[in-house]
Structures are given as structure tokens and as C-alpha cells.
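J.: Pasting a structure below so you can have a look.
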Amino acid sequence: MVDLAALQATFAPDEHSWRAQQVSRDGRRAMALCYITARAVQNRLDDVCGPAGWESSFSETAAGRVIATIAIDMGTRWVSKSDGAGATAMEGEKGGLSGAFKRAAVMWGIGRYLYEFPAVWAECESYERNGKHVWKCWTGAGIGELERALRNLLDRMNNQPTGEPVRVAGRRAQELLPPPNNAGIGLAPAFRQPLVVKELIDGLPKAMLDGRAEQFWTKHWRDVPEMWRPFVMAERDRLKHEAGL
């Protein structure tokens, strides 16, 4: 029997990477997205399931979305879970395969805790292109901010009593590193998400996959409370970035 707890355990700090999601208007800070690589997921599957205890496969929808499936030998039968993504702007088809593979891994709980990560703004260097600031690299101070934020999340996850869910990302504003005043994006208030917000964020990835993101967004957006709209827009941008849209 596969040890699901080991499969879903947090990764070591040095197995996490950071990608700039959005740069502040003055170009001095950026919102960071924490992620793990497909190689880290493969190593986790090898370690927990054994190299012959899991397999992956890929297919493509009519809309060009890549669907990844990860099947694991559970002892008495093989169980498969799937999810998908589009090609990324940077790596094209390879990025789409990697993104879909990692999304399928999340269906198994691998790296799912990263969806609970708070929005982190960190100091960076940038350059101008077409009148906009583009992220260049994290500064030493920015790296320190990111490392502290990651350490805080991992400490919370590893100290959490068994069976009790962790709620961090965007849910407790007082626990987040605040964005700069001129970032143009606020943080969600520190109380339970309205149902319409949860439905919109949870359903948007599938809507993107099915090619009906605009209709889905329009249907739900008008009911999103004003104070939650900056948070929802930031989540939408993150999902679009992951899908390469």
C-alpha cells in the first residue's frame, strides 16, 4: 500500500523555486509564485511508489490543452488521476507537458500545500520594456524575504495536527507580507471566502481547459464582493500564467 502521507509531505526548502508573478509600478518589488519542478515530483514518486510503481501518460484536447495522467499501483489495483494545462509562453509544448504533469501530481496531493501559500511580495530588480517594469532578478533582501515566507509556511504545515487542514493563502491578511502601496493589488480580508469566490477560483482551471473561461468568468465575476475582487484577479492571473495564457 502506498504511503499517501509520505507522497503528500512537504518538500525540502531547496526543492522550491520562485517565479515573479507581477511587478509593482515602481519596479522595486514583485509578487512571487512558489513552485516545485516536475523533476522534484518525479523523484517523490520514485521514492514513495518505487520507479515501477507509477506511470504517467499524456493526451491532448481538441482545444490544444495537454492532459496528464499519473497512475499509481495501490497494491490491489492501479489508480489514475488527471489534470491539464496549456503550453507556456516560455517553453511551448514542453512547458505544457510539465505544467499538466504537476497539476496531475496535485490531484494526488503532491505539492498541494503550495496552493495555501500567502501572496508574497519581495524586493527585486527590474528593467523597462514598452513603458512597463519587467522582473529581472531578486535582490539579496528579496531572497531573504522569500526564504522567511517559505520557512513560515513549512513550519506551519509540519507542526499542524494530523487531519487538520491548514488555511493560509490569501485567507489571513495579517499573516501575509504586505504588497507595496503602489502595487495596485490589495489582499483579501481575513475571514472565510464567500462561496462565489471559492466557486470562481476552483472552477476557473477547468473552464480554461474547456475553452470557456470568458463565459465562466463573466457569469461569476458580477457576484464577487468588491473587497474580494483584487484577490480574485490576482488568482486569475496566476492561473493564466500557469496555463501559459
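Labeling convention for the C-alpha cells: chains A, B, ... as they appear, residues from 1 per chain, ligands from 1 in order of appearance.
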Using DSSP on the backbone coordinates, identify all residues within segment 48-85 of chain A classified as strand (DSSP E or B); present the result as JSON, numbers by chain.
T.: {"A": [54, 55, 56, 57, 58, 59, 60, 66, 67, 68, 69, 70, 71, 72, 73, 78, 79, 80, 81, 82, 83, 84, 85]}
J.: Excluding segment 202-219 of chain A and residues on its chain fewer than 4 positions from it, collect all residues at most 9 Å away from it, counting only C-alpha atoms, and give them as a list of chain:residue names.
T.: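 Near segment 202-219 of chain A, the qualifying residues are A:Thr61, A:Ala63, A:Gly64, A:Arg65, A:Val66, A:Asp83, A:Gly84, A:Ala85, A:Gly86, A:Val197, A:Lys198, A:Asp223, A:Arg236, A:Leu239, A:Lys240, A:Ala243, A:Leu245.
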J.: Output all heavy atoms of each residue in that selection to a file, as a short mmCIF file (atom, residue, chain, number, x, y, z; two decimals), in the first residue's frame.
T.:
```
data_model
loop_
_atom_site.label_atom_id
_atom_site.label_comp_id
_atom_site.auth_asym_id
_atom_site.auth_seq_id
_atom_site.Cartn_x
_atom_site.Cartn_y
_atom_site.Cartn_z
N THR A 61 -6.48 17.73 -25.87
CA THR A 61 -7.87 18.01 -26.21
C THR A 61 -7.94 18.69 -27.57
O THR A 61 -6.93 19.13 -28.13
CB THR A 61 -8.51 18.92 -25.15
OG1 THR A 61 -7.91 20.22 -25.23
CG2 THR A 61 -8.32 18.35 -23.75
N ALA A 63 -8.99 21.53 -28.08
CA ALA A 63 -8.61 22.93 -27.90
C ALA A 63 -7.11 23.10 -27.72
O ALA A 63 -6.63 24.22 -27.53
CB ALA A 63 -9.35 23.52 -26.69
N GLY A 64 -6.36 22.00 -27.75
CA GLY A 64 -4.91 22.09 -27.64
C GLY A 64 -4.37 22.02 -26.23
O GLY A 64 -3.18 22.23 -26.00
N ARG A 65 -5.23 21.71 -25.26
CA ARG A 65 -4.78 21.58 -23.88
C ARG A 65 -4.17 20.20 -23.66
O ARG A 65 -4.68 19.19 -24.16
CB ARG A 65 -5.94 21.79 -22.91
CG ARG A 65 -6.55 23.17 -22.96
CD ARG A 65 -5.59 24.20 -22.36
NE ARG A 65 -6.20 25.52 -22.28
CZ ARG A 65 -6.08 26.44 -23.23
NH1 ARG A 65 -5.40 26.17 -24.31
NH2 ARG A 65 -6.64 27.62 -23.09
N VAL A 66 -3.09 20.16 -22.90
CA VAL A 66 -2.42 18.90 -22.60
C VAL A 66 -3.01 18.32 -21.31
O VAL A 66 -3.11 19.02 -20.30
CB VAL A 66 -0.91 19.11 -22.43
CG1 VAL A 66 -0.23 17.79 -22.07
CG2 VAL A 66 -0.31 19.68 -23.69
N ASP A 83 -5.15 15.84 -14.78
CA ASP A 83 -5.43 17.28 -14.86
C ASP A 83 -4.67 17.80 -16.07
O ASP A 83 -3.87 17.08 -16.68
CB ASP A 83 -5.00 18.01 -13.59
CG ASP A 83 -5.79 19.30 -13.37
OD1 ASP A 83 -6.37 19.80 -14.36
OD2 ASP A 83 -5.80 19.82 -12.25
N GLY A 84 -4.92 19.05 -16.43
CA GLY A 84 -4.31 19.55 -17.66
C GLY A 84 -3.85 20.97 -17.58
O GLY A 84 -4.09 21.69 -16.61
N ALA A 85 -3.14 21.40 -18.63
CA ALA A 85 -2.62 22.77 -18.74
C ALA A 85 -2.38 23.07 -20.20
O ALA A 85 -2.34 22.16 -21.04
CB ALA A 85 -1.33 22.92 -17.94
N GLY A 86 -2.20 24.35 -20.51
CA GLY A 86 -1.85 24.75 -21.86
C GLY A 86 -0.35 24.92 -21.99
O GLY A 86 0.38 24.87 -21.00
N VAL A 197 -16.63 33.29 -4.52
CA VAL A 197 -15.19 33.40 -4.73
C VAL A 197 -14.57 32.02 -4.85
O VAL A 197 -13.77 31.75 -5.75
CB VAL A 197 -14.53 34.19 -3.58
CG1 VAL A 197 -13.01 34.15 -3.70
CG2 VAL A 197 -15.02 35.64 -3.59
N LYS A 198 -14.95 31.13 -3.94
CA LYS A 198 -14.42 29.76 -3.98
C LYS A 198 -14.82 29.06 -5.28
O LYS A 198 -13.99 28.39 -5.92
CB LYS A 198 -14.93 28.97 -2.78
CG LYS A 198 -14.31 27.58 -2.66
CD LYS A 198 -14.82 26.88 -1.41
CE LYS A 198 -14.05 25.57 -1.19
NZ LYS A 198 -14.03 24.69 -2.35
N ASP A 223 -20.89 38.76 -9.25
CA ASP A 223 -21.36 38.49 -7.89
C ASP A 223 -20.23 38.52 -6.86
O ASP A 223 -20.48 38.32 -5.66
CB ASP A 223 -22.04 37.12 -7.83
CG ASP A 223 -23.30 37.07 -8.69
OD1 ASP A 223 -24.00 38.10 -8.75
OD2 ASP A 223 -23.56 36.02 -9.30
N ARG A 236 -6.67 34.77 -10.72
CA ARG A 236 -6.89 34.53 -12.14
C ARG A 236 -5.60 34.70 -12.94
O ARG A 236 -5.26 33.87 -13.80
CB ARG A 236 -7.95 35.49 -12.69
CG ARG A 236 -8.23 35.30 -14.18
CD ARG A 236 -9.02 36.45 -14.76
NE ARG A 236 -8.29 37.70 -14.66
CZ ARG A 236 -8.73 38.86 -15.14
NH1 ARG A 236 -9.90 38.92 -15.74
NH2 ARG A 236 -8.01 39.96 -15.01
N LEU A 239 -3.36 31.68 -12.40
CA LEU A 239 -3.82 30.51 -13.14
C LEU A 239 -3.53 30.65 -14.63
O LEU A 239 -3.12 29.69 -15.30
CB LEU A 239 -5.31 30.29 -12.90
CG LEU A 239 -5.70 29.88 -11.48
CD1 LEU A 239 -7.22 29.94 -11.30
CD2 LEU A 239 -5.19 28.49 -11.16
N LYS A 240 -3.75 31.85 -15.17
CA LYS A 240 -3.47 32.09 -16.59
C LYS A 240 -1.98 31.94 -16.87
O LYS A 240 -1.58 31.40 -17.91
CB LYS A 240 -3.96 33.48 -17.00
CG LYS A 240 -5.48 33.60 -17.04
CD LYS A 240 -5.92 35.02 -17.35
CE LYS A 240 -5.53 35.44 -18.74
NZ LYS A 240 -6.06 36.79 -19.07
N ALA A 243 -1.08 28.35 -16.96
CA ALA A 243 -1.61 27.69 -18.16
C ALA A 243 -0.98 28.23 -19.44
O ALA A 243 -1.26 27.73 -20.53
CB ALA A 243 -3.13 27.85 -18.22
N LEU A 245 -1.47 31.24 -20.72
CA LEU A 245 -2.45 32.03 -21.48
C LEU A 245 -2.13 33.51 -21.41
O LEU A 245 -1.49 33.96 -20.50
CB LEU A 245 -3.85 31.77 -20.92
CG LEU A 245 -4.31 30.30 -21.00
CD1 LEU A 245 -5.67 30.16 -20.34
CD2 LEU A 245 -4.37 29.84 -22.44
#
```
J.: Provide the atom CA of Gly99 of chain A to atom CA of Leu200 of chain A distance in Å, to one decimal place.
T.: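 Separation between atom CA of Gly99 of chain A and atom CA of Leu200 of chain A: 20.8 Å.
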J.: How close does each residue of segment 66-164 of chain A get to segment 29-45 of chain A, giving the shortest atom pair and distance in Å to one decimal for every residue with an atom at most 8 Å away, counting only C-alpha atoms, sorted by chain and residue number, as JSON lines?
T.:
```
{"residue": "A:Ser98", "atom": "CA", "partner": "A:Ala38", "partner_atom": "CA", "distance": 6.0}
{"residue": "A:Gly99", "atom": "CA", "partner": "A:Ala38", "partner_atom": "CA", "distance": 7.9}
{"residue": "A:Phe101", "atom": "CA", "partner": "A:Ala38", "partner_atom": "CA", "distance": 7.0}
{"residue": "A:Lys102", "atom": "CA", "partner": "A:Ala38", "partner_atom": "CA", "distance": 6.0}
{"residue": "A:Ala105", "atom": "CA", "partner": "A:Val41", "partner_atom": "CA", "distance": 7.2}
{"residue": "A:Ile110", "atom": "CA", "partner": "A:Val41", "partner_atom": "CA", "distance": 7.3}
{"residue": "A:Gly111", "atom": "CA", "partner": "A:Ile36", "partner_atom": "CA", "distance": 7.3}
{"residue": "A:Leu114", "atom": "CA", "partner": "A:Cys34", "partner_atom": "CA", "distance": 6.9}
{"residue": "A:Phe117", "atom": "CA", "partner": "A:Cys34", "partner_atom": "CA", "distance": 7.8}
{"residue": "A:Ala119", "atom": "CA", "partner": "A:Met31", "partner_atom": "CA", "distance": 6.8}
{"residue": "A:Val120", "atom": "CA", "partner": "A:Met31", "partner_atom": "CA", "distance": 5.6}
{"residue": "A:Trp121", "atom": "CA", "partner": "A:Met31", "partner_atom": "CA", "distance": 4.3}
{"residue": "A:Ala122", "atom": "CA", "partner": "A:Arg29", "partner_atom": "CA", "distance": 5.3}
{"residue": "A:Glu123", "atom": "CA", "partner": "A:Arg29", "partner_atom": "CA", "distance": 4.3}
{"residue": "A:Cys124", "atom": "CA", "partner": "A:Arg29", "partner_atom": "CA", "distance": 5.1}
{"residue": "A:Glu125", "atom": "CA", "partner": "A:Arg29", "partner_atom": "CA", "distance": 7.6}
{"residue": "A:Trp135", "atom": "CA", "partner": "A:Ala30", "partner_atom": "CA", "distance": 7.3}
{"residue": "A:Leu146", "atom": "CA", "partner": "A:Ala32", "partner_atom": "CA", "distance": 8.0}
```
J.: Please produce a file of the residues just selected, as a compact mmCIF listing (two decimals), in the first residue's frame, where the atoms kept are N, CA and C atoms.
T.:
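Printed below is result-v3.txt as written:
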```txt
# COMPACT_ATOMS: atom_id res chain seq x y z
N SER A 98 4.98 19.75 -18.76
CA SER A 98 5.43 19.88 -17.38
C SER A 98 4.31 20.41 -16.48
N GLY A 99 3.60 21.45 -16.97
CA GLY A 99 2.52 22.02 -16.18
C GLY A 99 1.40 21.02 -15.94
N PHE A 101 1.66 17.76 -15.95
CA PHE A 101 2.17 16.71 -15.07
C PHE A 101 2.10 17.15 -13.61
N LYS A 102 2.51 18.39 -13.35
CA LYS A 102 2.49 18.88 -11.97
C LYS A 102 1.06 19.05 -11.47
N ALA A 105 -0.11 15.76 -10.46
CA ALA A 105 0.51 15.41 -9.18
C ALA A 105 -0.26 16.05 -8.02
N ILE A 110 0.45 15.93 -4.11
CA ILE A 110 1.87 16.27 -4.15
C ILE A 110 2.02 17.77 -4.42
N GLY A 111 2.59 18.48 -3.45
CA GLY A 111 2.78 19.91 -3.60
C GLY A 111 1.51 20.72 -3.47
N LEU A 114 1.27 24.14 -1.62
CA LEU A 114 1.70 25.41 -2.21
C LEU A 114 0.52 26.28 -2.61
N PHE A 117 -0.20 28.87 -0.06
CA PHE A 117 0.86 29.85 0.19
C PHE A 117 0.29 31.26 0.13
N ALA A 119 0.20 35.33 -0.52
CA ALA A 119 0.79 36.20 -1.54
C ALA A 119 2.00 36.90 -0.95
N VAL A 120 3.16 36.71 -1.54
CA VAL A 120 4.40 37.26 -1.02
C VAL A 120 4.97 38.28 -2.00
N TRP A 121 5.22 39.47 -1.51
CA TRP A 121 5.89 40.50 -2.30
C TRP A 121 7.32 40.62 -1.80
N ALA A 122 8.28 40.62 -2.70
CA ALA A 122 9.69 40.67 -2.31
C ALA A 122 10.45 41.67 -3.18
N GLU A 123 11.54 42.17 -2.63
CA GLU A 123 12.35 43.16 -3.33
C GLU A 123 13.02 42.54 -4.55
N CYS A 124 13.06 43.28 -5.65
CA CYS A 124 13.64 42.75 -6.87
C CYS A 124 14.29 43.86 -7.69
N GLU A 125 15.00 43.47 -8.72
CA GLU A 125 15.49 44.39 -9.74
C GLU A 125 14.64 44.19 -10.98
N TRP A 135 10.36 42.08 -14.47
CA TRP A 135 11.23 41.48 -13.45
C TRP A 135 12.55 41.02 -14.06
N LEU A 146 11.73 35.88 0.75
CA LEU A 146 11.11 34.67 0.22
C LEU A 146 11.46 33.46 1.08
```
J.: When distances are computed from only C-alpha atoms, which of A:Thr10, A:Ser126, A:Thr69, A:Asn152 shows the smallest separation from Gly27 of chain A?
T.: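 Nearest candidate to Gly27 of chain A out of A:Thr10, A:Ser126, A:Thr69, A:Asn152: A:Ser126.
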